Each structure stands twice: as structure tokens, then as C-alpha cells.
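Enquirer: What follows is the file protein05.cif, containing mmCIF, C-alpha atoms:
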```cif
data_query
loop_
_atom_site.label_atom_id
_atom_site.label_comp_id
_atom_site.auth_asym_id
_atom_site.auth_seq_id
_atom_site.Cartn_x
_atom_site.Cartn_y
_atom_site.Cartn_z
CA MET A 713 178.31 202.82 -62.98
CA ILE A 714 181.08 201.52 -60.85
CA ALA A 715 179.62 201.79 -57.40
CA PRO A 716 176.94 199.05 -57.57
CA ASN A 717 179.54 196.69 -58.91
CA TYR A 718 181.83 197.45 -55.99
CA ARG A 719 178.94 197.15 -53.61
CA SER A 720 178.00 193.68 -54.79
CA LYS A 721 181.62 192.64 -54.59
CA ASN A 722 181.78 194.02 -51.07
CA SER A 723 178.43 192.73 -49.91
CA GLY A 724 180.17 190.20 -47.64
CA LEU A 725 182.11 192.99 -46.01
CA TRP A 726 178.98 195.07 -45.53
CA LEU A 727 177.26 192.12 -43.91
CA ALA A 728 180.25 191.66 -41.60
CA LEU A 729 180.15 195.35 -40.70
CA THR A 730 176.45 195.14 -39.83
CA LEU A 731 176.82 191.96 -37.79
CA LEU A 732 179.84 193.24 -35.87
CA THR A 733 177.96 196.42 -34.99
CA LEU A 734 174.97 194.44 -33.75
CA PHE A 735 177.28 192.11 -31.83
CA SER A 736 178.99 195.04 -30.14
CA LEU A 737 175.66 196.63 -29.24
CA SER A 738 174.26 193.38 -27.88
CA LEU A 739 177.19 193.10 -25.47
CA PHE A 740 175.93 196.27 -23.83
CA LEU A 741 172.18 195.99 -24.38
CA ILE A 742 171.48 192.35 -23.47
CA PRO A 743 172.74 192.54 -19.87
CA GLY A 744 171.36 196.06 -19.60
CA PHE A 745 167.94 194.81 -20.61
CA ILE A 746 167.94 191.71 -18.40
CA ILE A 747 169.35 193.38 -15.28
CA ARG A 748 166.91 196.26 -15.09
CA PRO A 749 164.87 197.32 -12.08
CA PHE A 750 161.24 196.43 -11.40
CA THR A 751 161.21 193.35 -13.58
CA HIS A 752 161.61 189.68 -12.97
CA GLN A 753 165.07 188.20 -13.51
CA SER A 754 164.99 184.51 -14.29
CA GLU A 755 167.96 182.41 -13.20
CA PRO A 756 169.09 181.49 -16.73
CA GLY A 757 168.55 185.08 -17.85
CA LEU A 758 170.67 186.44 -15.03
CA ARG A 759 173.35 183.85 -15.66
CA MET A 760 173.50 184.87 -19.32
CA ALA A 761 173.59 188.58 -18.47
CA ILE A 762 176.52 188.06 -16.10
CA ALA A 763 178.34 185.85 -18.61
CA VAL A 764 177.93 188.54 -21.29
CA LYS A 765 179.12 191.24 -18.89
CA LEU A 766 182.26 189.24 -18.15
CA ILE A 767 183.29 189.00 -21.82
CA ALA A 768 181.95 192.38 -22.94
CA PRO A 769 185.00 194.56 -22.18
CA ALA A 770 187.32 192.41 -24.32
CA PHE A 771 184.86 191.58 -27.08
CA THR A 772 183.68 195.16 -27.65
CA VAL A 773 187.32 196.07 -28.34
CA VAL A 774 187.69 193.13 -30.73
CA ALA A 775 184.50 194.19 -32.51
CA LEU A 776 185.70 197.78 -32.73
CA ILE A 777 189.05 196.75 -34.25
CA GLY A 778 187.22 194.58 -36.78
CA LEU A 779 184.91 197.46 -37.64
CA LEU A 780 187.82 199.86 -38.08
CA ALA A 781 189.48 197.42 -40.49
CA LEU A 782 186.25 196.98 -42.46
CA SER A 783 185.66 200.73 -42.55
CA TRP A 784 189.17 201.28 -43.87
CA ARG A 785 188.47 198.83 -46.62
CA LEU A 786 185.00 200.12 -47.54
CA TRP A 787 185.40 203.87 -47.09
CA ARG A 788 187.00 204.75 -50.45
CA CYS A 789 184.46 202.97 -52.56
CA SER A 790 181.45 204.24 -50.64
CA SER A 791 178.95 206.94 -51.45
CA LEU A 792 178.14 209.67 -48.95
CA TRP A 793 175.17 207.61 -47.72
CA LEU A 794 177.24 204.52 -47.16
CA ARG A 795 179.93 206.56 -45.42
CA THR A 796 177.25 207.87 -43.10
CA GLY A 797 176.42 204.24 -42.39
CA ILE A 798 180.07 203.45 -41.64
CA VAL A 799 180.36 206.38 -39.24
CA THR A 800 177.11 205.36 -37.52
CA ALA A 801 178.38 201.80 -37.10
CA LEU A 802 181.64 203.07 -35.62
CA LEU A 803 179.86 205.46 -33.26
CA LEU A 804 177.52 202.74 -32.02
CA SER A 805 180.43 200.40 -31.45
CA VAL A 806 182.44 203.07 -29.60
CA THR A 807 179.39 203.82 -27.45
CA SER A 808 179.04 200.15 -26.60
CA THR A 809 182.77 199.83 -25.86
CA VAL A 810 182.56 202.78 -23.47
CA MET A 811 179.26 201.77 -21.84
CA VAL A 812 180.32 198.21 -20.97
CA ARG A 813 183.04 199.83 -18.86
CA GLN A 814 180.61 202.02 -16.96
CA ASN A 815 178.82 201.06 -13.78
CA TYR A 816 175.61 202.96 -14.30
CA PHE A 817 174.16 201.53 -11.10
CA GLU A 818 176.69 203.74 -9.33
CA TRP A 819 175.43 206.71 -11.35
CA MET A 820 172.00 206.13 -9.84
CA PHE A 821 173.26 205.28 -6.37
CA ASN A 822 176.61 206.95 -5.74
CA PRO A 823 178.99 204.91 -3.62
CA ILE A 824 180.41 206.19 -0.36
CA LYS A 825 184.04 206.80 -1.25
CA ALA A 826 185.27 207.97 2.15
CA ALA A 827 182.92 207.42 5.05
CA GLY A 828 182.91 210.06 7.76
CA PHE A 829 181.66 209.46 11.29
CA VAL A 830 180.35 211.68 14.03
CA SER A 831 179.91 210.89 17.69
CA ALA A 832 176.45 209.88 18.87
CA GLY A 833 176.10 213.23 20.63
CA ASP A 834 176.90 215.25 17.51
CA ALA A 835 174.66 213.34 15.10
CA HIS A 836 171.64 215.27 13.82
CA LEU A 837 169.21 212.41 13.66
CA ASP A 838 165.60 212.29 14.79
CA ASP A 839 165.10 210.09 17.82
CA LYS A 840 162.76 207.88 15.78
CA GLU A 841 165.09 207.50 12.82
CA MET A 842 166.09 203.88 12.28
CA VAL A 843 169.75 202.87 12.21
CA MET A 844 171.56 199.65 11.51
CA ALA A 845 173.72 199.07 14.53
CA VAL A 846 176.75 196.92 15.05
CA ARG A 847 178.95 196.38 18.06
CA ILE A 848 182.31 194.66 17.84
CA ALA A 849 184.42 194.45 20.97
CA GLN A 850 184.00 197.91 22.55
CA GLU A 851 183.21 199.73 19.31
CA ALA A 852 179.61 200.60 18.43
CA ARG A 853 178.57 202.07 15.09
CA ALA A 854 175.25 203.15 13.66
CA TYR A 855 174.40 203.49 9.99
CA PRO A 856 171.25 205.54 9.32
CA ILE A 857 168.93 203.46 7.14
CA LEU A 858 167.90 206.60 5.26
CA GLN A 859 171.47 206.86 3.99
CA MET A 860 172.03 203.16 3.46
CA ALA A 861 168.79 202.78 1.51
CA TYR A 862 170.34 205.13 -1.05
CA HIS A 863 174.04 204.17 -1.10
CA HIS A 864 173.21 200.48 -0.43
CA ILE A 865 176.80 199.47 0.33
CA LEU A 866 179.47 200.61 2.76
CA ASN A 867 182.80 198.88 3.21
CA ASP A 868 183.79 199.60 6.78
CA THR A 869 186.19 198.31 9.42
CA VAL A 870 185.05 198.15 13.03
CA ALA A 871 187.46 197.09 15.77
CA GLU A 872 189.75 195.81 13.00
CA VAL A 873 187.02 193.59 11.58
CA PRO A 874 186.31 194.34 7.90
CA ILE A 875 182.55 194.40 7.35
CA VAL A 876 180.23 195.35 4.53
CA VAL A 877 177.07 197.16 5.54
CA THR A 878 174.30 196.50 3.03
CA TYR A 879 170.74 197.67 2.79
CA MET B 1213 175.58 193.07 7.15
CA TRP B 1214 178.46 190.73 6.40
CA LYS B 1215 182.09 190.18 7.27
CA ARG B 1216 183.90 191.03 4.06
CA THR B 1217 186.58 188.39 4.24
CA THR B 1218 186.62 185.02 2.58
CA GLN B 1219 189.37 182.45 2.96
CA GLY B 1220 191.41 185.03 4.85
CA ARG B 1221 191.18 187.55 2.02
CA GLU B 1222 189.68 190.99 2.49
CA LEU B 1223 187.14 192.05 -0.13
CA HIS B 1224 185.76 195.44 -1.14
CA PHE B 1225 182.27 195.50 -2.55
CA TYR B 1226 180.46 197.78 -4.94
CA LEU B 1227 176.95 197.93 -6.33
CA ALA B 1228 176.71 196.07 -9.61
CA GLY B 1229 173.13 195.25 -10.49
CA ILE B 1230 169.75 194.05 -9.42
CA ASN B 1231 168.12 190.63 -9.21
CA ASN B 1232 164.40 190.59 -8.51
CA GLN B 1233 164.71 193.83 -6.54
CA ASN B 1234 167.53 192.61 -4.39
CA PHE B 1235 170.82 194.10 -5.35
CA LEU B 1236 173.90 192.40 -6.68
CA MET B 1237 177.36 193.45 -5.66
CA ARG B 1238 180.81 192.64 -6.96
CA ASP B 1239 184.11 192.57 -5.16
CA ARG B 1240 187.02 194.57 -6.55
CA GLU B 1241 189.48 191.78 -5.83
CA THR B 1242 187.99 189.01 -7.99
CA GLY B 1243 185.04 190.60 -9.79
CA SER B 1244 182.74 187.86 -8.46
CA TRP B 1245 179.01 188.57 -8.25
CA TRP B 1246 177.27 188.39 -4.88
CA GLN B 1247 173.61 188.44 -3.88
CA GLN B 1248 173.13 191.02 -1.14
CA VAL B 1249 170.39 189.25 0.79
CA THR B 1250 172.10 185.88 1.00
CA GLY B 1251 175.76 186.95 1.13
CA ARG B 1252 176.49 184.25 -1.44
CA ALA B 1253 178.61 184.54 -4.58
CA ILE B 1254 176.48 183.50 -7.56
CA ALA B 1255 179.06 183.94 -10.34
CA GLY B 1256 182.76 184.53 -10.89
CA LYS B 1257 185.86 183.08 -9.26
CA LEU B 1258 184.30 182.91 -5.81
CA ALA B 1259 180.97 181.41 -6.96
CA GLY B 1260 179.58 179.21 -4.21
CA SER B 1261 181.37 181.08 -1.39
CA ALA B 1262 179.31 182.58 1.39
CA LEU B 1263 180.08 185.59 3.55
CA GLU B 1264 179.75 185.26 7.29
CA LEU B 1265 176.83 187.14 8.79
CA MET B 1266 177.74 190.11 10.98
CA PRO B 1267 175.12 190.21 13.75
CA ASN B 1268 173.44 193.59 13.83
CA ASP B 1269 170.36 195.41 15.04
CA GLU B 1270 167.81 197.72 13.53
CA LEU B 1271 167.08 200.27 16.23
CA THR B 1272 165.77 203.78 16.58
CA PHE B 1273 168.56 206.30 16.92
CA ALA B 1274 167.41 207.25 20.45
CA LEU B 1275 167.55 203.68 21.66
CA TRP B 1276 170.91 202.98 20.03
CA LYS B 1277 172.32 206.16 21.56
CA SER B 1278 171.11 205.19 25.02
CA GLU B 1279 172.92 201.86 24.68
CA ALA B 1280 176.03 203.22 22.94
CA PRO B 1281 176.55 206.83 24.07
CA HIS B 1282 180.17 206.71 22.89
CA GLY B 1283 179.36 205.15 19.54
CA LEU B 1284 179.94 206.61 16.11
CA VAL B 1285 177.32 207.43 13.49
CA LEU B 1286 177.86 207.43 9.74
CA ALA B 1287 177.82 211.07 8.64
CA PRO B 1288 175.80 212.21 5.62
CA VAL B 1289 177.96 212.00 2.52
CA ALA B 1290 178.84 215.37 0.97
CA GLY B 1291 176.74 216.17 -2.05
CA HIS B 1292 173.77 214.08 -0.96
CA GLY B 1293 170.76 215.66 0.67
CA ASP B 1294 167.06 215.08 1.11
CA LYS B 1295 166.64 214.21 -2.56
CA ASP B 1296 168.73 211.06 -2.19
CA TYR B 1297 168.07 210.46 1.49
CA ASP B 1298 164.34 210.36 0.87
CA LYS B 1299 162.40 210.17 4.12
CA LYS B 1300 159.46 208.61 2.28
CA TRP B 1301 161.47 205.85 0.63
CA GLU B 1302 159.55 203.10 2.42
CA GLU B 1303 156.15 204.39 1.29
CA GLU B 1304 157.44 204.81 -2.23
CA THR B 1305 159.06 201.39 -2.40
CA ALA B 1306 155.78 199.90 -1.19
CA LYS B 1307 154.15 201.12 -4.42
CA TYR B 1308 156.66 199.46 -6.74
CA PRO B 1309 155.50 196.42 -8.65
CA VAL B 1310 156.92 193.12 -7.42
CA PRO B 1311 158.93 190.85 -9.72
CA LEU B 1312 157.68 187.71 -7.99
CA THR B 1313 154.53 186.83 -6.11
CA PHE B 1314 153.85 184.21 -3.43
CA PRO B 1315 150.22 184.56 -2.34
CA GLU B 1316 149.77 181.00 -1.00
CA GLN B 1317 150.75 181.58 2.61
CA GLY B 1318 148.39 184.40 3.46
CA LEU B 1319 150.86 187.26 3.23
CA LYS B 1320 150.92 190.08 0.72
CA ASP B 1321 154.06 190.41 -1.36
CA ARG B 1322 155.19 193.62 0.28
CA ASP B 1323 154.25 192.71 3.84
CA VAL B 1324 157.26 193.46 6.02
CA ILE B 1325 158.43 190.37 7.85
CA LEU B 1326 161.29 189.49 10.14
CA GLY B 1327 162.85 186.37 8.74
CA VAL B 1328 164.65 183.92 11.00
CA GLU B 1329 166.68 180.91 9.96
CA MET B 1330 167.82 178.38 12.55
CA SER B 1331 169.24 174.91 11.87
CA GLY B 1332 168.02 175.08 8.30
CA GLN B 1333 164.47 176.02 9.26
CA ALA B 1334 163.17 179.36 8.06
CA ARG B 1335 160.21 181.26 9.47
CA ALA B 1336 158.70 184.61 8.61
CA PHE B 1337 157.18 186.76 11.34
CA PRO B 1338 154.91 189.57 10.12
CA LEU B 1339 156.29 192.70 11.78
CA GLU B 1340 152.82 193.96 12.68
CA LYS B 1341 152.31 190.89 14.85
CA LEU B 1342 155.52 191.49 16.78
CA ARG B 1343 155.55 195.13 17.77
CA GLY B 1344 153.83 195.72 21.06
CA PRO B 1345 154.24 195.48 24.81
CA ILE B 1346 153.77 191.71 24.98
CA PRO B 1347 156.80 189.59 24.03
CA VAL B 1348 156.04 187.11 21.23
CA GLU B 1349 157.21 183.59 21.94
CA ASP B 1350 157.76 180.81 19.47
CA LYS B 1351 159.88 177.73 18.80
CA ILE B 1352 162.08 177.38 15.76
CA ALA B 1353 163.80 174.06 15.12
CA GLY B 1354 162.93 173.13 18.71
CA VAL B 1355 164.58 176.23 20.17
CA PRO B 1356 162.42 178.58 22.25
CA VAL B 1357 162.75 182.18 21.07
CA VAL B 1358 161.13 185.44 22.00
CA PHE B 1359 160.66 188.71 20.12
CA VAL B 1360 160.77 191.75 22.35
CA THR B 1361 159.80 195.32 21.45
CA GLY B 1362 162.04 197.87 23.12
CA PRO B 1363 161.24 200.86 25.30
CA ASP B 1364 160.92 203.04 22.17
CA GLY B 1365 157.99 200.91 20.96
CA GLU B 1366 159.76 200.44 17.61
CA SER B 1367 162.99 198.50 17.93
CA VAL B 1368 162.64 194.72 17.99
CA ARG B 1369 165.12 192.13 19.20
CA LEU B 1370 165.00 188.36 19.14
CA PHE B 1371 166.45 186.22 21.92
CA ARG B 1372 166.83 182.57 22.65
CA SER B 1373 164.60 182.27 25.72
CA GLN B 1374 166.80 179.89 27.61
CA TRP B 1375 169.03 180.53 30.57
CA ASN B 1376 171.22 177.98 32.25
CA GLY B 1377 169.70 175.28 30.08
CA MET B 1378 166.19 176.14 31.24
CA ASP B 1379 163.39 177.54 29.10
CA ILE B 1380 162.24 180.87 30.50
CA ASP B 1381 159.09 182.87 29.96
CA LEU B 1382 159.68 186.56 29.62
CA TYR B 1383 157.01 189.12 30.28
CA ARG B 1384 156.86 192.85 30.72
CA ASP B 1385 156.79 194.25 34.21
CA ALA B 1386 153.10 195.02 34.67
CA GLN B 1387 153.25 196.03 38.33
CA ARG B 1388 155.01 199.25 37.57
CA GLY B 1389 152.00 200.24 35.56
CA PRO B 1390 151.69 203.23 33.29
CA GLN B 1391 154.03 206.16 33.63
CA SER B 1392 153.48 208.31 36.64
CA ALA B 1393 154.15 212.02 37.13
CA GLY B 1394 155.56 212.27 33.61
CA LYS B 1395 158.43 209.97 34.40
CA SER B 1396 158.37 206.68 32.54
CA PRO B 1397 159.24 203.65 34.63
CA GLU B 1398 162.38 201.81 33.81
CA TRP B 1399 161.76 199.36 31.00
CA GLN B 1400 162.42 195.78 31.95
CA LEU B 1401 161.38 192.19 31.43
CA LEU B 1402 160.73 189.68 34.17
CA ASP B 1403 160.92 185.91 34.19
CA SER B 1404 159.60 183.20 36.47
CA LEU B 1405 163.05 182.70 38.04
CA GLY B 1406 163.13 186.15 39.58
CA ASN B 1407 165.40 187.80 37.06
CA THR B 1408 164.90 191.17 35.44
CA TRP B 1409 166.27 191.71 31.94
CA ASN B 1410 166.98 194.84 29.94
CA PHE B 1411 166.45 195.30 26.20
CA ALA B 1412 170.02 194.26 25.50
CA GLY B 1413 168.97 190.87 26.87
CA CYS B 1414 171.16 191.12 29.94
CA ALA B 1415 169.98 190.37 33.47
CA THR B 1416 169.99 193.42 35.72
CA SER B 1417 168.88 191.60 38.88
CA GLY B 1418 168.16 188.09 40.06
CA PRO B 1419 170.21 184.90 39.87
CA ALA B 1420 171.29 185.62 36.29
CA THR B 1421 172.64 189.11 37.07
CA GLY B 1422 175.39 190.08 34.66
CA GLN B 1423 174.58 187.34 32.17
CA CYS B 1424 172.96 187.86 28.81
CA LEU B 1425 170.56 185.90 26.67
CA GLU B 1426 171.74 184.75 23.26
CA LYS B 1427 170.63 187.30 20.68
CA ILE B 1428 169.45 185.84 17.38
CA ASN B 1429 169.80 187.68 14.11
CA TYR B 1430 166.81 188.26 11.90
CA LEU B 1431 166.39 189.80 8.49
CA LYS B 1432 163.82 192.52 7.97
CA ASP B 1433 162.52 191.92 4.49
CA TYR B 1434 159.55 191.96 2.18
CA TRP B 1435 157.64 188.71 2.11
CA PHE B 1436 158.24 188.03 -1.61
CA ASP B 1437 162.01 188.46 -1.22
CA TRP B 1438 162.23 186.27 1.88
CA LYS B 1439 160.11 183.56 0.25
CA ASN B 1440 162.19 183.69 -2.92
CA TYR B 1441 165.37 182.83 -1.03
CA ASN B 1442 163.68 180.62 1.58
CA PRO B 1443 161.19 178.61 -0.47
CA ARG B 1444 160.40 176.25 2.44
CA THR B 1445 159.77 179.01 4.95
CA THR B 1446 156.84 178.75 7.31
CA VAL B 1447 154.87 181.75 8.51
CA TYR B 1448 154.24 182.56 12.15
CA SER B 1449 150.51 182.59 12.84
CA HIS B 1450 149.26 182.86 16.39
#
```
Written as C-alpha cells, that's how I'd like the structure from this file.
Expert:
Amino acid sequence: MIAPNYRSKNSGLWLALTLLTLFSLSLFLIPGFIIRPFTHQSEPGLRMAIAVKLIAPAFTVVALIGLLALSWRLWRCSSLWLRTGIVTALLLSVTSTVMVRQNYFEWMFNPIKAAGFVSAGDAHLDDKEMVMAVRIAQEARAYPILQMAYHHILNDTVAEVPIVVTY
Amino acid sequence: MWKRTTQGRELHFYLAGINNQNFLMRDRETGSWWQQVTGRAIAGKLAGSALELMPNDELTFALWKSEAPHGLVLAPVAGHGDKDYDKKWEEETAKYPVPLTFPEQGLKDRDVILGVEMSGQARAFPLEKLRGPIPVEDKIAGVPVVFVTGPDGESVRLFRSQWNGMDIDLYRDAQRGPQSAGKSPEWQLLDSLGNTWNFAGCATSGPATGQCLEKINYLKDYWFDWKNYNPRTTVYSH
């Protein structure tokens, strides 16, 4: 039996493969878990989540390169089961690498890419509907709260003043 | 609502996360993280910076339109309908659990308050105590202020109740009485100096004609959120 011998020789590499996979996953899952709706975010927790998010794009790539190198090394001497493990590790790491580049908050609440405006007379709003209103110089604008409560953010410019409408 | 410039640089914000049910945004230019409710950067290159408040109102559409007939309204964004623009969002949000609780000052966590901050002093005014025909007067950091409910019975504005260096008492015009023959009387406030004021806070007759009261910005918020960011806030109770 050759395989067990190889495996014991490679046990350090297998450990590295496992740890790198977990590291890559944690870069996505830790901030995802801390910054989730309806729960309490503590200050240190939030600080950690943001710190992880800042390094995640680079470090998931580093982890993926490391995993590819390890896989290259381990593939030939691995059984079908172990190869399944290698593929799983690579898939998880790729998933993490992709996900840390996604803004899933914008999946839930799509941003306004190009805001359109209608005149007060042409707007189809109920009289009682609430709007956020701003007036700068002679320009007045209204942002229906119903819309802002979904999109949350609008970068706008009124009378040449750049503003961000938030709700 | 904030001015999106800091140190002369224009920023563009996007939604980036949530912190105790108040959202976090990032700017495309530096990637810094900002707390929506405070306008302060909490992480990244601009950490510690604060955006300047853009004074704004929360009004009913009808009232806004009467004041700004030539104004522009944000159009619904293509691809988003009643599912996203949920008319019951306030009722539904009211059912969500709260991430923080502050029961000590007599308010429930999701009570809607208007929060005011002047000269470092913060005070929460329960909205249900403000809406109504009688203006609500108070003093914050020694400054006399008055909450006024508009002719629509919904929109609320806050003014510094001083004119020409004098404190003024504002009250609704009672003599005109209830509406007659289906025509509602013109909405106005009176003061003891013989001025009449409209809901924009500008004098329409009397010695102050043409002048306006200083409008003060407030934040409509849930009690727990206001208290979280204004731990020393007092609560209006009259």
C-alpha cells in the first residue's frame, strides 16, 4: 500500500489545505455573520467585520493561489475521495473569493443608478404620501419616502450642490 | 440628508451594510465606511470626518406641492413596483425585533420621536405629542423653539421662536374658527406682536412681514436608534 504512506508524508500539506480553505471562507462568513440584519452589532464586532472586509479581496486571492499550489502537489497521489476533497476546497475558496467582491446589500436593495424626475404636477403621488423635501436656492425637490425606504440612498445634485439623500 | 462633499472633494455613496438597524454606506472615492444616521465616517481613510447636514423637511406631497409647485419629484425607478415600494413598510418595520433597548426614559423602543440637537444638547420629542392644532413650545439649550403642525395635519416643522431678538409665542388663529361653507380658512399662526406667519415660518402680515423664522432641523427616528447615538438625550414631557 503506497497511498497511506504518501498521505502521512503529506499530512502537513493536507492540514495547510484545510486551514487555507477555512481561512478563505472566514473572510466571507465572519463579516457576513456580524453585519446581518435584526441583530445587535457590538462596536468591537463591527470594527472587526469592517477590518476583515477591507483585507478580504486580497487575502481570498492569496488563499486561492496557495490552494491551487497545494492541489497541484496533492492531486496525483490522491484517491478519488481525496480528490473530491480537493475540488470541494477549491470550490469553497472560489465561492469566497467571488462573494467578498459582491455587495449583497445592493441585491436586497437595488441602488438608483440614474434618477429620473417629474414635475410636481405630473407626479402620481397620493396627497398624504410623505416626501423628503429639500430646497436649495430656487430649486425644490421631493423624494417619496416610500421609494427612499427601499433604495435607502440617492446621490443627487440640487442647484449645483452635491447631496446624498438617505432614509 | 447630507452634503456629499468633504474637504472640497465630492463623494458618491452606496449601501454597504447595517449597524443596529441603521445602515452603513461607503463612498466610491475612498471606500470609507459611514453611519447613515450620524453622517460620520467610522472606518477607512476618512474615519472621523463628518458630513454637513443638508436641512430638509418631511412633508405630505400635497403640502410640499403647494409650497413648491415648480419643484421636481423623484420618479419611480424602472423595475421597482409595489413589492419594493411597500406602502405598509412602517407597520412591518414596527414588528421587527430591536437590537438595542432603552426602557429607562419611559419610551418604547420603536416609539417614533423627532430628535433635536442644539449646542450639544439632545432632546427627543414623541411624535404623538407634537401633531395637533396647538403649537408645542419648549427650550433647548436656552433657545425657545416651537413645533408646528401644518395645514395638512401631518407635516411638522420646528422653528426658533424668536424674532428681532425677542421671544415670541405662536398660536393658531382661533377667531377664524372651523371651516365654513366647505371652504377651509387660510392656515396661519399669530403672535403677540401682531404678526401672522405661514407654515414656511415666514411672516405674511404685521411688523415682520417678509421675514422668516429660523427653521431647525430634526431627525425623525425610532427611540432606540436616537438614544443609541445620543446617550445623554432628554425626553420632552409636558
Enquirer: Could you check how far atom CA of A:Val774 sits from atom CA of B:Lys1257, in Å to one decimal?
Expert: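 So the answer is 23.8 Å.
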Enquirer: Quick one: which residues end up in the PyMOL selection byres ((chain B) within 6 of (chain A)) for this structure, as a list of chain:residue names?
Expert: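 Evaluating the PyMOL selection byres ((chain B) within 6 of (chain A)) on this file yields B:Met1213, B:Trp1214, B:Lys1215, B:Arg1216, B:Ile1230, B:Asn1231, B:Asn1232, B:Asn1268, B:Asp1269, B:Glu1270, B:Leu1271, B:Thr1272, B:Phe1273, B:Ala1274, B:Gly1283, B:Leu1284, B:Val1285, B:Leu1286, B:Ala1287, B:Tyr1297, B:Pro1311.
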Enquirer: Only C-alpha atoms, please: the residues just picked out, written as a short mmCIF file (atom, residue, chain, number, x, y, z; two decimals), keeping the file's coordinate frame.
Expert:
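Written out: part16.cif:
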```cif
data_model
loop_
_atom_site.label_atom_id
_atom_site.label_comp_id
_atom_site.auth_asym_id
_atom_site.auth_seq_id
_atom_site.Cartn_x
_atom_site.Cartn_y
_atom_site.Cartn_z
CA MET B 1213 175.58 193.07 7.15
CA TRP B 1214 178.46 190.73 6.40
CA LYS B 1215 182.09 190.18 7.27
CA ARG B 1216 183.90 191.03 4.06
CA ILE B 1230 169.75 194.05 -9.42
CA ASN B 1231 168.12 190.63 -9.21
CA ASN B 1232 164.40 190.59 -8.51
CA ASN B 1268 173.44 193.59 13.83
CA ASP B 1269 170.36 195.41 15.04
CA GLU B 1270 167.81 197.72 13.53
CA LEU B 1271 167.08 200.27 16.23
CA THR B 1272 165.77 203.78 16.58
CA PHE B 1273 168.56 206.30 16.92
CA ALA B 1274 167.41 207.25 20.45
CA GLY B 1283 179.36 205.15 19.54
CA LEU B 1284 179.94 206.61 16.11
CA VAL B 1285 177.32 207.43 13.49
CA LEU B 1286 177.86 207.43 9.74
CA ALA B 1287 177.82 211.07 8.64
CA TYR B 1297 168.07 210.46 1.49
CA PRO B 1311 158.93 190.85 -9.72
#
```
Enquirer: Step by step, work through what the PyMOL selection byres ((chain B and resi 1334) around 10) selects in the shown file, and finish by giving those residues as a short mmCIF file (atom, residue, chain, number, x, y, z; two decimals) with C-alpha atoms, in the frame of the given file.
Expert:
```
data_model
loop_
_atom_site.label_atom_id
_atom_site.label_comp_id
_atom_site.auth_asym_id
_atom_site.auth_seq_id
_atom_site.Cartn_x
_atom_site.Cartn_y
_atom_site.Cartn_z
CA GLY B 1327 162.85 186.37 8.74
CA VAL B 1328 164.65 183.92 11.00
CA GLU B 1329 166.68 180.91 9.96
CA MET B 1330 167.82 178.38 12.55
CA SER B 1331 169.24 174.91 11.87
CA GLY B 1332 168.02 175.08 8.30
CA GLN B 1333 164.47 176.02 9.26
CA ARG B 1335 160.21 181.26 9.47
CA ALA B 1336 158.70 184.61 8.61
CA ILE B 1352 162.08 177.38 15.76
CA ALA B 1353 163.80 174.06 15.12
CA TRP B 1438 162.23 186.27 1.88
CA LYS B 1439 160.11 183.56 0.25
CA TYR B 1441 165.37 182.83 -1.03
CA ASN B 1442 163.68 180.62 1.58
CA PRO B 1443 161.19 178.61 -0.47
CA ARG B 1444 160.40 176.25 2.44
CA THR B 1445 159.77 179.01 4.95
CA THR B 1446 156.84 178.75 7.31
CA VAL B 1447 154.87 181.75 8.51
#
```
Enquirer: To one decimal place, how far is atom CA of B:Asp1350 from atom CA of B:Asn1440 in Å?
Expert: 23.0 Å
Enquirer: For stretch 847-851 of chain A, I'd like the enclosing box, axis-aligned and padded by 8 Å on every side, reported as AutoDock Vina command-line options with centre and edge lengths in Å to one decimal.
Expert:
```
--center_x 181.7 --center_y 197.1 --center_z 20.2 --size_x 21.5 --size_y 21.3 --size_z 20.7
```
Enquirer: Could you tell me which residues the PyMOL selection byres ((chain B and resi 1374-1380) around 12) grabs in this file, written as a CSV table (one decimal) with C-alpha atoms, keeping the file's coordinate frame?
Expert:
```csv
chain,number,residue,atom,x,y,z
B,1349,GLU,CA,157.2,183.6,21.9
B,1350,ASP,CA,157.8,180.8,19.5
B,1351,LYS,CA,159.9,177.7,18.8
B,1354,GLY,CA,162.9,173.1,18.7
B,1355,VAL,CA,164.6,176.2,20.2
B,1356,PRO,CA,162.4,178.6,22.2
B,1357,VAL,CA,162.8,182.2,21.1
B,1358,VAL,CA,161.1,185.4,22.0
B,1371,PHE,CA,166.4,186.2,21.9
B,1372,ARG,CA,166.8,182.6,22.6
B,1373,SER,CA,164.6,182.3,25.7
B,1381,ASP,CA,159.1,182.9,30.0
B,1382,LEU,CA,159.7,186.6,29.6
B,1383,TYR,CA,157.0,189.1,30.3
B,1401,LEU,CA,161.4,192.2,31.4
B,1402,LEU,CA,160.7,189.7,34.2
B,1403,ASP,CA,160.9,185.9,34.2
B,1404,SER,CA,159.6,183.2,36.5
B,1405,LEU,CA,163.0,182.7,38.0
B,1406,GLY,CA,163.1,186.2,39.6
B,1407,ASN,CA,165.4,187.8,37.1
B,1408,THR,CA,164.9,191.2,35.4
B,1409,TRP,CA,166.3,191.7,31.9
B,1413,GLY,CA,169.0,190.9,26.9
B,1414,CYS,CA,171.2,191.1,29.9
B,1415,ALA,CA,170.0,190.4,33.5
B,1419,PRO,CA,170.2,184.9,39.9
B,1420,ALA,CA,171.3,185.6,36.3
B,1421,THR,CA,172.6,189.1,37.1
B,1423,GLN,CA,174.6,187.3,32.2
B,1424,CYS,CA,173.0,187.9,28.8
B,1425,LEU,CA,170.6,185.9,26.7
B,1426,GLU,CA,171.7,184.8,23.3
B,1427,LYS,CA,170.6,187.3,20.7
```
Enquirer: Rounded to one decimal in Å, what is the spacing between atom CA of B:Lys1320 and atom CA of A:Pro756?
Expert: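 Going from atom CA of B:Lys1320 over to atom CA of A:Pro756 covers 26.6 Å.
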Enquirer: Do you know which residues lie at most 10 Å from (181.9, 202.2, -39.5), with coordinates as in the file and all atoms listed in the file counted, and could you write them as a list in words?
Expert: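 Neighbouring residues, ordered by chain and number, come to Trp726, Leu729, Thr730, Leu732, Thr733, Leu776, Gly778, Leu779, Leu780, Ala781, Leu782, Ser783, Trp784, Leu786, Trp787, Leu794, Arg795, Thr796, Gly797, Ile798, Val799, Thr800, Ala801, Leu802, Leu803, Leu804, Ser805 and Val806 of chain A.
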